[in-house]
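Chemist: Encoded as structure tokens, here's the structure I'll be asking about.
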Amino acid sequence: MSAVAVFQGGGYTVRDACQALGVSRSAYYAAQKTGGTRLRRNRAADNVLVVLMRQIKDAHIYWGYRRVWAWLRFRSGVVVNQKRVRRLMKEHGLMVPRRIHKAKRMPQRSKPRPSRPRQIWGMDMTKFIIDGLGWVYLVIVLDWYTKKIVGWDMALRSKTAEWRRALDLAINREFPNGVREKGLKLRDLDFGGDVIFQRID
């Protein structure tokens, strides 16, 4: 449906419709042959465009100005600039509202500070390549107070057993008489995520 046809549907003649839209009848009939009706930039033409855009938006509420412009140009035969469509849609509240998604960040707990050696240990694993051997996995146990590596284990795989051997080595070195009731806590060295305390009694 062209802009002139909208006026015609309201009982106007082609002459009156062309005059309201700011186009000559000869231009309108020429556009009928080429497949488009070009609207001059005036208030009457803008009002017609807004009516057409409202009809499109009623059927497609999530369409932006580019799709509305494409419908006007290629389905309704109205030759109009994209910037004009965007301006009119913005002025008349026809733009799709933008939703701003903000990342939800969990409050980061403060890192505990040990007051003595053998109070808080951290455990972590890293891997590296040895020529002719492949990936090697190294697990370490670090005393947070002294920054000393108190236990470690290295293997060609990353399994729970390697972590346990590293911890057993650290406990046997630092607590030869037993670790119970010593108040030792374990913590993941990677403080970026949620970390669970584990107390060894």
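Residues in the structure tokens are numbered from 1 in each chain, the chains being A, B, ... in the order shown, and ligands are numbered from 1 in the order shown.
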Find the residues near Trp69 of chain A: any atom within 9 Å, counting only C-alpha atoms, skip ones fewer than 4 places away on the same chain, and give them as a PyMOL selection string.

Modeler: chain A and resi 53+64-65+73-74+78+80-82+85-86

Chemist: When you look at segment 59-62 of chain A with a cut-off of 9 Å (counting only C-alpha atoms), what residues show up, excluding the ones that are within fewer than 5 positions of it in the same chain? I need them as a compact mmCIF listing (two decimals) with C-alpha atoms, in the first residue's frame.

Modeler:
# COMPACT_ATOMS: atom_id res chain seq x y z
CA ARG A 54 2.22 2.63 13.47
CA VAL A 68 10.21 -0.74 9.25
CA LEU A 94 8.03 3.80 18.14
CA MET A 95 11.60 2.67 18.75
CA VAL A 96 12.23 -0.66 20.42
CA PRO A 97 13.29 0.00 24.03

Chemist: Taking the chain letters and numbering used in this document, name the residues of segment 19-166 of chain A that DSSP puts in alpha helix (DSSP H), as a PyMOL selection string.

Modeler: chain A and resi 19-21+25-34+43-59+65-74+82-91+160-166

Chemist: May I have the selected residues written with C-alpha atoms, as an mmCIF file, in the first residue's frame?

Modeler:
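Generated file (selection-v7.cif):
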data_model
loop_
_atom_site.group_PDB
_atom_site.id
_atom_site.type_symbol
_atom_site.label_atom_id
_atom_site.label_comp_id
_atom_site.auth_asym_id
_atom_site.auth_seq_id
_atom_site.Cartn_x
_atom_site.Cartn_y
_atom_site.Cartn_z
ATOM 1 C CA GLN A 19 -0.956 17.750 -2.787
ATOM 2 C CA ALA A 20 -0.957 16.696 0.891
ATOM 3 C CA LEU A 21 2.133 14.569 0.378
ATOM 4 C CA ARG A 25 0.593 13.768 -9.924
ATOM 5 C CA SER A 26 3.044 13.161 -12.734
ATOM 6 C CA ALA A 27 5.665 12.083 -10.195
ATOM 7 C CA TYR A 28 3.120 9.805 -8.544
ATOM 8 C CA TYR A 29 2.130 8.105 -11.801
ATOM 9 C CA ALA A 30 5.793 7.787 -12.764
ATOM 10 C CA ALA A 31 6.489 6.189 -9.409
ATOM 11 C CA GLN A 32 3.658 3.734 -9.997
ATOM 12 C CA LYS A 33 5.557 2.491 -13.038
ATOM 13 C CA THR A 34 8.946 2.353 -11.270
ATOM 14 C CA ARG A 43 4.665 17.774 8.060
ATOM 15 C CA ALA A 44 1.824 16.238 6.068
ATOM 16 C CA ALA A 45 4.103 13.614 4.555
ATOM 17 C CA ASP A 46 5.609 12.884 7.962
ATOM 18 C CA ASN A 47 2.134 12.352 9.396
ATOM 19 C CA VAL A 48 1.348 9.822 6.686
ATOM 20 C CA LEU A 49 4.622 8.041 7.353
ATOM 21 C CA VAL A 50 3.848 7.885 11.055
ATOM 22 C CA VAL A 51 0.453 6.330 10.315
ATOM 23 C CA LEU A 52 2.089 3.700 8.128
ATOM 24 C CA MET A 53 4.779 3.020 10.696
ATOM 25 C CA ARG A 54 2.219 2.633 13.470
ATOM 26 C CA GLN A 55 0.399 0.045 11.391
ATOM 27 C CA ILE A 56 3.636 -1.845 10.868
ATOM 28 C CA LYS A 57 4.585 -1.624 14.540
ATOM 29 C CA ASP A 58 1.151 -2.854 15.638
ATOM 30 C CA ALA A 59 1.819 -6.053 13.724
ATOM 31 C CA TYR A 65 13.690 1.274 12.194
ATOM 32 C CA ARG A 66 15.654 -0.744 9.616
ATOM 33 C CA ARG A 67 12.934 -3.370 9.242
ATOM 34 C CA VAL A 68 10.214 -0.741 9.250
ATOM 35 C CA TRP A 69 12.072 1.143 6.521
ATOM 36 C CA ALA A 70 12.489 -2.058 4.480
ATOM 37 C CA TRP A 71 8.756 -2.767 4.733
ATOM 38 C CA LEU A 72 7.897 0.771 3.681
ATOM 39 C CA ARG A 73 10.313 0.675 0.766
ATOM 40 C CA PHE A 74 9.866 -2.808 -0.615
ATOM 41 C CA GLN A 82 16.321 5.390 6.679
ATOM 42 C CA LYS A 83 17.369 8.396 8.756
ATOM 43 C CA ARG A 84 13.940 9.930 8.303
ATOM 44 C CA VAL A 85 12.240 6.743 9.436
ATOM 45 C CA ARG A 86 14.501 6.571 12.468
ATOM 46 C CA ARG A 87 13.855 10.212 13.360
ATOM 47 C CA LEU A 88 10.094 9.877 13.116
ATOM 48 C CA MET A 89 10.034 6.622 15.051
ATOM 49 C CA LYS A 90 12.137 8.204 17.776
ATOM 50 C CA GLU A 91 9.970 11.326 17.951
ATOM 51 C CA THR A 160 42.810 -36.671 43.439
ATOM 52 C CA ALA A 161 45.639 -38.958 44.523
ATOM 53 C CA GLU A 162 48.272 -36.369 43.563
ATOM 54 C CA TRP A 163 46.566 -33.698 45.686
ATOM 55 C CA ARG A 164 46.369 -36.093 48.632
ATOM 56 C CA ARG A 165 50.035 -37.078 48.360
ATOM 57 C CA ALA A 166 51.083 -33.419 48.324
#

Chemist: Restricting the calculation to only C-alpha atoms, which member of A:Pro112, A:Lys127, A:Val139, A:Leu156 is positioned closest to Asp168 of chain A?

Modeler: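 Of A:Pro112, A:Lys127, A:Val139, A:Leu156, the one nearest Asp168 of chain A, counting only C-alpha atoms, is A:Val139.
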
Chemist: Enter the distance from atom CA of Pro117 of chain A to atom CA of Ile171 of chain A, in Å, rounded to one decimal.

Modeler: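 About the pair atom CA of Pro117 of chain A and atom CA of Ile171 of chain A: they are 12.9 Å apart.
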
Chemist: Pick from A:Arg157, A:Arg98, A:Phe175, A:Asp188: nearest to Ile140 of chain A, with only C-alpha atoms counted?

Modeler: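 Closest residue, counting only C-alpha atoms: A:Asp188.
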
Chemist: Got a sec: who's within 10 Å of Gln119 of chain A, counting only C-alpha atoms, leaving out chain neighbours fewer than 6 positions off, as an mmCIF file with C-alpha atoms, in the first residue's frame?

Modeler:
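The result, stored in result_15.cif:
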data_model
loop_
_atom_site.group_PDB
_atom_site.id
_atom_site.type_symbol
_atom_site.label_atom_id
_atom_site.label_comp_id
_atom_site.auth_asym_id
_atom_site.auth_seq_id
_atom_site.Cartn_x
_atom_site.Cartn_y
_atom_site.Cartn_z
ATOM 1 C CA ARG A 113 45.324 -13.173 56.822
ATOM 2 C CA ASP A 143 51.958 -21.797 53.809
ATOM 3 C CA TRP A 144 50.243 -18.427 53.535
ATOM 4 C CA TYR A 145 52.204 -16.918 56.407
ATOM 5 C CA LYS A 182 46.275 -27.465 65.546
ATOM 6 C CA GLY A 183 43.760 -25.135 63.871
ATOM 7 C CA LEU A 184 45.045 -25.672 60.337
ATOM 8 C CA LYS A 185 42.818 -24.493 57.478
ATOM 9 C CA LEU A 186 43.083 -25.331 53.785
ATOM 10 C CA ARG A 199 39.552 -27.250 58.735
#

Chemist: Please give the complete set of residues from segment 40-145 of chain A that DSSP, run on the backbone, assigns to strand (DSSP E), formatted as a list in words.

Modeler: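 Matching residues for strand (DSSP E) in segment 40-145 of chain A are Val78, Val79, Ile120, Trp121, Gly122, Met123, Asp124, Met125, Thr126, Lys127, Phe128, Ile129, Ile130, Gly134, Trp135, Val136, Tyr137, Leu138, Val139, Ile140, Val141, Leu142 and Asp143 of chain A.
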